[in-house]
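For reference, the structure is listed below as structure tokens.
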Amino acid sequence: MIEVYSIQQWLFDTAHGRYDIDLAESGVQFQRVADITIDPGWELDYSPDRGEAATREAIASLYGRTSADGVVVSHGAQEALYLLYRSLLRPGDHVVTTTPGWQQAWEVPAAIGCQVSKFTWRPGTPFDVDALIAATTPATTMITLNSPNNPGGRLIDPQAWRRLTDFARTRGIWLVNDEEYLLDFGASVAQQYERGISVSSLSKVYGLPSLRFGWVVCTPEVAEQIVNYKRYTTVSNSLLCERIGTRVLTDRQRHIDRYQRLVDAGRGILDSFARDHAEQLELVEPQGTPFAWCHLRAGRSDEVAERLLAEERVLVMPAEVFGATAGLRISFARPPALLEEGLARVGRQVKKLATP
């Protein structure tokens, strides 16, 4: 039986309706309908199961590809990952993934009948390629990664990627990378390795999670398997959302500029907060993410997060929902006034923690 998805349970059950300030959602501050363009003449028909041609071509262009044959549009990045696992994995396969992270990466393969090894990538530490390779077995068929990493906020550096792709190539292992926070898709794993698969969406960098617009970039053969499995799940995406998403991608730089403005302004506010509370927490310097991990020097992070809801009406992500302890993930790509108020409330609670 698949385990309760603790991240979603925290967000949608425990915290729902109990906060005024959201420093938990891991993307940039959301946009509004007024920030996008909708053509009232668009029909409300089904979209093609793999996505409209113009949509897939816009995604392919991000990767410098002239063909969209290996592109499938999905109902958010999570559906893309689910379809990949269901399409490529079989009972008895071995999968390596990282923790702390998203339960889907180990729960869905395990539900299929795979053996799963969780490699610990502690926030703030370099990615240990040797340790990950040591976690593989002769039955390993897939390695699933997330770089820039959520929740740790760190990157796998280019040298580590080269070593990892060289190893995967000798064994024919699929390398899947959740690239939600990647801005330059020229650096995508799908560009570096023939069995590299990229998953991303418009949710995090673009602040458009309501569109549920995701994609996967892979080989044409894998794309066909994904499309066939998708026909048994959501069939197709919202044509309305696809067309909005296509317009967003064709006007991509405007959205990237907005993202960067909020990240740059928020980072200064976050750094000041971390300095003021250095006795209670340690900030892990984020690398290309709109959130940061903070190690708590004392106390339970789930208890701090619960008190923030109950007493401050602020939502953050405690380490426990990611399979870790003693940490908070705090999103800082927010309007400055909102972020300052939210962090002031967080500060009131962490000040109460005993220090070593």
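We label chains A, B, ... in the order they appear in the structure tokens, count residues from 1 in each chain, and number ligands from 1 in the order shown.
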Can you list, as a PDB file with N, CA, C and O atoms, in the first residue's frame, every protein, DNA or RNA residue that comes within 9 Å of Ser210 (chain A) when you count only C-alpha atoms, leaving out same-chain residues fewer than 4 positions away?
```pdb
ATOM      1  N   PHE A  30       2.851  33.731  -6.981  1.00  0.00           N
ATOM      2  CA  PHE A  30       1.929  33.426  -8.078  1.00  0.00           C
ATOM      3  C   PHE A  30       1.518  34.683  -8.849  1.00  0.00           C
ATOM      4  O   PHE A  30       1.530  35.792  -8.317  1.00  0.00           O
ATOM      5  N   SER A 203       5.063  26.048 -13.263  1.00  0.00           N
ATOM      6  CA  SER A 203       4.582  26.308 -11.909  1.00  0.00           C
ATOM      7  C   SER A 203       5.535  27.148 -11.076  1.00  0.00           C
ATOM      8  O   SER A 203       5.101  28.073 -10.377  1.00  0.00           O
ATOM      9  N   CYS A 241      -5.465  25.974 -21.091  1.00  0.00           N
ATOM     10  CA  CYS A 241      -4.204  26.130 -20.365  1.00  0.00           C
ATOM     11  C   CYS A 241      -2.997  25.953 -21.279  1.00  0.00           C
ATOM     12  O   CYS A 241      -1.981  26.638 -21.124  1.00  0.00           O
TER      13      CYS A 241
END
```
How close does each residue of region 31-105 of chain A get to region 295-319 of chain A, giving the shortest atom pair and distance in Å to one decimal for every residue with an atom at most 12 Å away, counting only C-alpha atoms, sorted by chain and residue number, as CSV?
```
residue,atom,partner,partner_atom,distance
A:Thr99,CA,A:Ala319,CA,10.9
A:Pro100,CA,A:Ala319,CA,8.0
A:Gly101,CA,A:Ala319,CA,9.6
A:Trp102,CA,A:Ala319,CA,11.6
```
Counting only C-alpha atoms, the option among A:Val28, A:Val321, A:Val263, A:Ile36 closest to Val4 (chain A):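 Nearest candidate to Val4 (chain A) out of A:Val28, A:Val321, A:Val263, A:Ile36: A:Val321.
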Residue contacts of Leu208 (chain A) (9 Å, only C-alpha atoms) excluding same-chain residues fewer than 2 positions away, as a ChimeraX atom specification: /A:27-32,201-206,210-213,245
Those same residues, written as a PDB file, in the first residue's frame with N, CA, C and O atoms?
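Okay, selection-v7.pdb is ready:
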```
ATOM      1  N   GLY A  27       7.623  27.913  -5.455  1.00  0.00           N
ATOM      2  CA  GLY A  27       7.841  28.733  -6.633  1.00  0.00           C
ATOM      3  C   GLY A  27       7.847  30.209  -6.295  1.00  0.00           C
ATOM      4  O   GLY A  27       7.680  30.622  -5.144  1.00  0.00           O
ATOM      5  N   VAL A  28       8.048  31.016  -7.333  1.00  0.00           N
ATOM      6  CA  VAL A  28       7.948  32.454  -7.198  1.00  0.00           C
ATOM      7  C   VAL A  28       6.502  32.833  -6.851  1.00  0.00           C
ATOM      8  O   VAL A  28       5.585  32.036  -7.062  1.00  0.00           O
ATOM      9  N   GLN A  29       6.289  34.037  -6.310  1.00  0.00           N
ATOM     10  CA  GLN A  29       4.936  34.492  -6.007  1.00  0.00           C
ATOM     11  C   GLN A  29       4.025  34.300  -7.215  1.00  0.00           C
ATOM     12  O   GLN A  29       4.379  34.641  -8.337  1.00  0.00           O
ATOM     13  N   PHE A  30       2.851  33.731  -6.981  1.00  0.00           N
ATOM     14  CA  PHE A  30       1.929  33.426  -8.078  1.00  0.00           C
ATOM     15  C   PHE A  30       1.518  34.683  -8.849  1.00  0.00           C
ATOM     16  O   PHE A  30       1.530  35.792  -8.317  1.00  0.00           O
ATOM     17  N   GLN A  31       1.159  34.470 -10.118  1.00  0.00           N
ATOM     18  CA  GLN A  31       0.607  35.536 -10.937  1.00  0.00           C
ATOM     19  C   GLN A  31      -0.925  35.470 -10.902  1.00  0.00           C
ATOM     20  O   GLN A  31      -1.516  34.569 -10.289  1.00  0.00           O
ATOM     21  N   ARG A  32      -1.563  36.420 -11.592  1.00  0.00           N
ATOM     22  CA  ARG A  32      -3.023  36.488 -11.644  1.00  0.00           C
ATOM     23  C   ARG A  32      -3.488  36.470 -13.100  1.00  0.00           C
ATOM     24  O   ARG A  32      -2.694  36.668 -14.021  1.00  0.00           O
ATOM     25  N   SER A 201       8.029  22.510 -15.756  1.00  0.00           N
ATOM     26  CA  SER A 201       6.667  23.045 -15.840  1.00  0.00           C
ATOM     27  C   SER A 201       6.700  24.560 -15.762  1.00  0.00           C
ATOM     28  O   SER A 201       7.756  25.182 -15.634  1.00  0.00           O
ATOM     29  N   LEU A 202       5.503  25.153 -15.786  1.00  0.00           N
ATOM     30  CA  LEU A 202       5.354  26.600 -15.629  1.00  0.00           C
ATOM     31  C   LEU A 202       5.003  26.985 -14.190  1.00  0.00           C
ATOM     32  O   LEU A 202       4.664  28.137 -13.920  1.00  0.00           O
ATOM     33  N   SER A 203       5.063  26.048 -13.263  1.00  0.00           N
ATOM     34  CA  SER A 203       4.582  26.308 -11.909  1.00  0.00           C
ATOM     35  C   SER A 203       5.535  27.148 -11.076  1.00  0.00           C
ATOM     36  O   SER A 203       5.101  28.073 -10.377  1.00  0.00           O
ATOM     37  N   LYS A 204       6.818  26.859 -11.100  1.00  0.00           N
ATOM     38  CA  LYS A 204       7.739  27.386 -10.106  1.00  0.00           C
ATOM     39  C   LYS A 204       8.396  28.700 -10.524  1.00  0.00           C
ATOM     40  O   LYS A 204       8.310  29.704  -9.809  1.00  0.00           O
ATOM     41  N   VAL A 205       9.081  28.700 -11.661  1.00  0.00           N
ATOM     42  CA  VAL A 205       9.761  29.910 -12.125  1.00  0.00           C
ATOM     43  C   VAL A 205       8.764  30.945 -12.641  1.00  0.00           C
ATOM     44  O   VAL A 205       8.961  32.150 -12.462  1.00  0.00           O
ATOM     45  N   TYR A 206       7.682  30.484 -13.243  1.00  0.00           N
ATOM     46  CA  TYR A 206       6.732  31.391 -13.885  1.00  0.00           C
ATOM     47  C   TYR A 206       5.595  31.815 -12.960  1.00  0.00           C
ATOM     48  O   TYR A 206       4.835  32.726 -13.288  1.00  0.00           O
ATOM     49  N   SER A 210      -1.536  27.144 -11.274  1.00  0.00           N
ATOM     50  CA  SER A 210      -2.936  26.831 -11.579  1.00  0.00           C
ATOM     51  C   SER A 210      -3.131  26.318 -13.004  1.00  0.00           C
ATOM     52  O   SER A 210      -4.142  25.668 -13.299  1.00  0.00           O
ATOM     53  N   LEU A 211      -2.186  26.606 -13.881  1.00  0.00           N
ATOM     54  CA  LEU A 211      -2.313  26.104 -15.250  1.00  0.00           C
ATOM     55  C   LEU A 211      -2.110  24.597 -15.322  1.00  0.00           C
ATOM     56  O   LEU A 211      -2.561  23.957 -16.276  1.00  0.00           O
ATOM     57  N   ARG A 212      -1.412  24.018 -14.318  1.00  0.00           N
ATOM     58  CA  ARG A 212      -1.068  22.592 -14.341  1.00  0.00           C
ATOM     59  C   ARG A 212      -0.451  22.235 -15.699  1.00  0.00           C
ATOM     60  O   ARG A 212      -0.871  21.299 -16.373  1.00  0.00           O
ATOM     61  N   PHE A 213       0.564  22.992 -16.067  1.00  0.00           N
ATOM     62  CA  PHE A 213       1.207  22.872 -17.369  1.00  0.00           C
ATOM     63  C   PHE A 213       2.623  22.369 -17.153  1.00  0.00           C
ATOM     64  O   PHE A 213       3.491  23.095 -16.672  1.00  0.00           O
ATOM     65  N   GLY A 245      -0.181  28.679 -21.878  1.00  0.00           N
ATOM     66  CA  GLY A 245       1.206  28.288 -21.662  1.00  0.00           C
ATOM     67  C   GLY A 245       2.087  28.546 -22.870  1.00  0.00           C
ATOM     68  O   GLY A 245       3.243  28.961 -22.727  1.00  0.00           O
TER      69      GLY A 245
END
```
Among the residues A:Val199, A:Ala168, A:Val346, A:Ala160, the one that comes closest to Phe273 (chain A) [using only C-alpha atoms]: A:Val346
Within 7 Å of Trp215 (chain A) using only C-alpha atoms, minus same-chain residues under 5 positions, as a PyMOL selection string: chain A and resi 71-74+77+80+199-201
Nearby residues (only C-alpha atoms) at most 9 Å from Pro148 (chain A), same-chain spacing under 3 positions excluded, as a PyMOL selection string: chain A and resi 152-156+178-182+287-289
Produce a file of the selected residues containing all heavy atoms, as a compact mmCIF listing (two decimals), in the first residue's frame.
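Writing the result to result_29.txt gives the following:
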```txt
# COMPACT_ATOMS: atom_id res chain seq x y z
N GLY A 152 16.68 21.14 -0.87
CA GLY A 152 17.96 21.63 -0.37
C GLY A 152 18.46 22.91 -1.01
O GLY A 152 19.30 23.60 -0.45
N GLY A 153 17.97 23.21 -2.22
CA GLY A 153 18.35 24.45 -2.87
C GLY A 153 19.74 24.47 -3.47
O GLY A 153 20.31 25.54 -3.69
N ARG A 154 20.31 23.29 -3.78
CA ARG A 154 21.67 23.24 -4.32
C ARG A 154 21.69 22.56 -5.68
O ARG A 154 20.79 21.80 -6.04
CB ARG A 154 22.61 22.50 -3.36
CG ARG A 154 22.68 23.09 -1.97
CD ARG A 154 23.06 24.56 -1.96
NE ARG A 154 24.46 24.77 -2.29
CZ ARG A 154 25.42 24.92 -1.37
NH1 ARG A 154 25.13 24.84 -0.08
NH2 ARG A 154 26.67 25.12 -1.75
N LEU A 155 22.79 22.82 -6.42
CA LEU A 155 22.98 22.29 -7.76
C LEU A 155 23.95 21.12 -7.76
O LEU A 155 24.87 21.05 -6.94
CB LEU A 155 23.57 23.36 -8.67
CG LEU A 155 22.66 24.45 -9.23
CD1 LEU A 155 23.49 25.63 -9.71
CD2 LEU A 155 21.82 23.89 -10.38
N ILE A 156 23.75 20.20 -8.70
CA ILE A 156 24.79 19.23 -9.05
C ILE A 156 25.73 19.95 -10.02
O ILE A 156 25.29 20.46 -11.05
CB ILE A 156 24.20 17.97 -9.71
CG1 ILE A 156 23.21 17.29 -8.75
CG2 ILE A 156 25.31 17.02 -10.12
CD1 ILE A 156 22.48 16.12 -9.37
N ASP A 178 14.35 16.23 -12.53
CA ASP A 178 13.28 17.21 -12.36
C ASP A 178 13.95 18.58 -12.41
O ASP A 178 14.67 18.97 -11.49
CB ASP A 178 12.59 16.97 -11.02
CG ASP A 178 11.44 17.94 -10.75
OD1 ASP A 178 11.35 18.96 -11.43
OD2 ASP A 178 10.64 17.66 -9.84
N GLU A 179 13.69 19.33 -13.50
CA GLU A 179 14.43 20.56 -13.76
C GLU A 179 13.54 21.80 -13.64
O GLU A 179 13.68 22.77 -14.40
CB GLU A 179 15.09 20.48 -15.15
CG GLU A 179 16.09 19.34 -15.22
CD GLU A 179 16.78 19.17 -16.56
OE1 GLU A 179 16.21 19.56 -17.59
OE2 GLU A 179 17.89 18.61 -16.56
N GLU A 180 12.65 21.79 -12.66
CA GLU A 180 11.71 22.89 -12.47
C GLU A 180 12.38 24.25 -12.35
O GLU A 180 11.80 25.26 -12.74
CB GLU A 180 10.89 22.64 -11.20
CG GLU A 180 9.79 21.61 -11.35
CD GLU A 180 8.47 22.20 -11.79
OE1 GLU A 180 8.45 23.38 -12.20
OE2 GLU A 180 7.48 21.48 -11.72
N TYR A 181 13.57 24.29 -11.77
CA TYR A 181 14.21 25.58 -11.48
C TYR A 181 15.36 25.90 -12.44
O TYR A 181 16.07 26.87 -12.24
CB TYR A 181 14.71 25.58 -10.02
CG TYR A 181 13.59 25.30 -9.05
CD1 TYR A 181 13.40 24.01 -8.55
CD2 TYR A 181 12.68 26.28 -8.68
CE1 TYR A 181 12.36 23.73 -7.68
CE2 TYR A 181 11.63 26.00 -7.83
CZ TYR A 181 11.48 24.72 -7.33
OH TYR A 181 10.43 24.44 -6.48
N LEU A 182 15.51 25.08 -13.46
CA LEU A 182 16.57 25.31 -14.44
C LEU A 182 16.14 26.42 -15.40
O LEU A 182 15.05 26.35 -15.98
CB LEU A 182 16.85 24.02 -15.20
CG LEU A 182 18.13 23.97 -16.05
CD1 LEU A 182 19.36 24.09 -15.15
CD2 LEU A 182 18.18 22.67 -16.84
N GLN A 287 21.24 27.90 -4.52
CA GLN A 287 21.89 27.98 -5.83
C GLN A 287 20.83 27.84 -6.91
O GLN A 287 20.48 26.74 -7.33
CB GLN A 287 22.94 26.88 -5.99
CG GLN A 287 24.09 26.97 -4.99
CD GLN A 287 25.05 25.80 -5.12
OE1 GLN A 287 24.66 24.67 -5.41
NE2 GLN A 287 26.33 26.05 -4.89
N GLY A 288 20.27 28.97 -7.33
CA GLY A 288 19.31 28.94 -8.43
C GLY A 288 17.93 28.48 -8.05
O GLY A 288 17.21 27.95 -8.89
N THR A 289 17.53 28.68 -6.78
CA THR A 289 16.18 28.35 -6.36
C THR A 289 15.54 29.55 -5.67
O THR A 289 16.25 30.39 -5.10
CB THR A 289 16.15 27.15 -5.39
OG1 THR A 289 16.95 27.46 -4.24
CG2 THR A 289 16.69 25.90 -6.07
```
Counting only C-alpha atoms, the residue of A:Asp130, A:Glu25, A:Glu221, A:Glu107 that sits nearest Pro209 (chain A):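 Of the candidates, the smallest distance to Pro209 (chain A) is held by A:Glu25.
Backbone DSSP over region 152-208 of chain A yields strand (DSSP E) at Trp174, Leu175, Val176, Asn177, Asp178, Gly196, Ile197, Ser198, Val199, Ser200 and Ser201 of chain A.
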Using only C-alpha atoms, which protein or nucleic acid residues come within 9 Å of Gly64 (chain A)? Drop anything in the same chain fewer than 2 positions from it, and give the result as a compact mmCIF listing (two decimals) with N, CA, C and O atoms, in the first residue's frame.
```
# COMPACT_ATOMS: atom_id res chain seq x y z
N ALA A 60 10.29 22.43 -27.23
CA ALA A 60 11.49 21.90 -27.88
C ALA A 60 12.51 23.00 -28.12
O ALA A 60 13.73 22.78 -27.98
N SER A 61 12.05 24.20 -28.44
CA SER A 61 12.97 25.31 -28.72
C SER A 61 13.77 25.71 -27.48
O SER A 61 14.89 26.20 -27.59
N LEU A 62 13.20 25.49 -26.28
CA LEU A 62 13.95 25.79 -25.06
C LEU A 62 15.21 24.95 -24.98
O LEU A 62 16.21 25.36 -24.39
N THR A 66 15.21 20.93 -32.90
CA THR A 66 14.44 21.27 -34.10
C THR A 66 13.20 20.41 -34.26
O THR A 66 12.31 20.74 -35.03
N PHE A 185 18.09 25.58 -20.42
CA PHE A 185 17.89 24.17 -20.74
C PHE A 185 18.96 23.63 -21.67
O PHE A 185 18.95 22.44 -21.99
N GLY A 186 19.90 24.47 -22.07
CA GLY A 186 21.08 23.95 -22.75
C GLY A 186 21.90 23.07 -21.83
O GLY A 186 22.67 22.23 -22.29
N GLN A 191 20.12 17.10 -22.76
CA GLN A 191 21.08 17.56 -23.77
C GLN A 191 22.44 16.89 -23.59
O GLN A 191 23.25 16.91 -24.52
```
Gap from CA of Phe291 (chain A) to CA of Ser26 (chain A) - Å, one decimal: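 So the answer is 6.2 Å.
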Test item, alpha helix (DSSP H) assignment across region 104-185 of chain A, answer as a list in words: Gln104, Ala105, Trp106, Glu107, Val108, Pro109, Ala110, Ala111, Ile112, Val129, Asp130, Ala131, Leu132, Ile133, Ala134, Pro158, Gln159, Ala160, Trp161, Arg162, Arg163, Leu164, Thr165, Asp166, Phe167, Ala168, Arg169, Thr170 and Arg171 of chain A
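Distances here use only C-alpha atoms; by that measure, the residue among A:Tyr85, A:Asp184, A:Ser117, A:Gln280 closest to Lys352 (chain A) is A:Gln280.
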Option closest in space to Val284 (chain A), from A:Ser331, A:Gln115, A:Gln9, A:Thr125 [counting only C-alpha atoms]: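 Once distances to Val284 (chain A) are computed over only C-alpha atoms, the minimum belongs to A:Thr125.
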For CA of Leu89 (chain A) and CA of Thr137 (chain A), the interatomic separation in Å (one decimal): 15.2 Å
Atom pair CA of Trp161 (chain A) / CA of His94 (chain A): separation (Å):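 Taking CA of Trp161 (chain A) and CA of His94 (chain A), their separation equals 20.5 Å.
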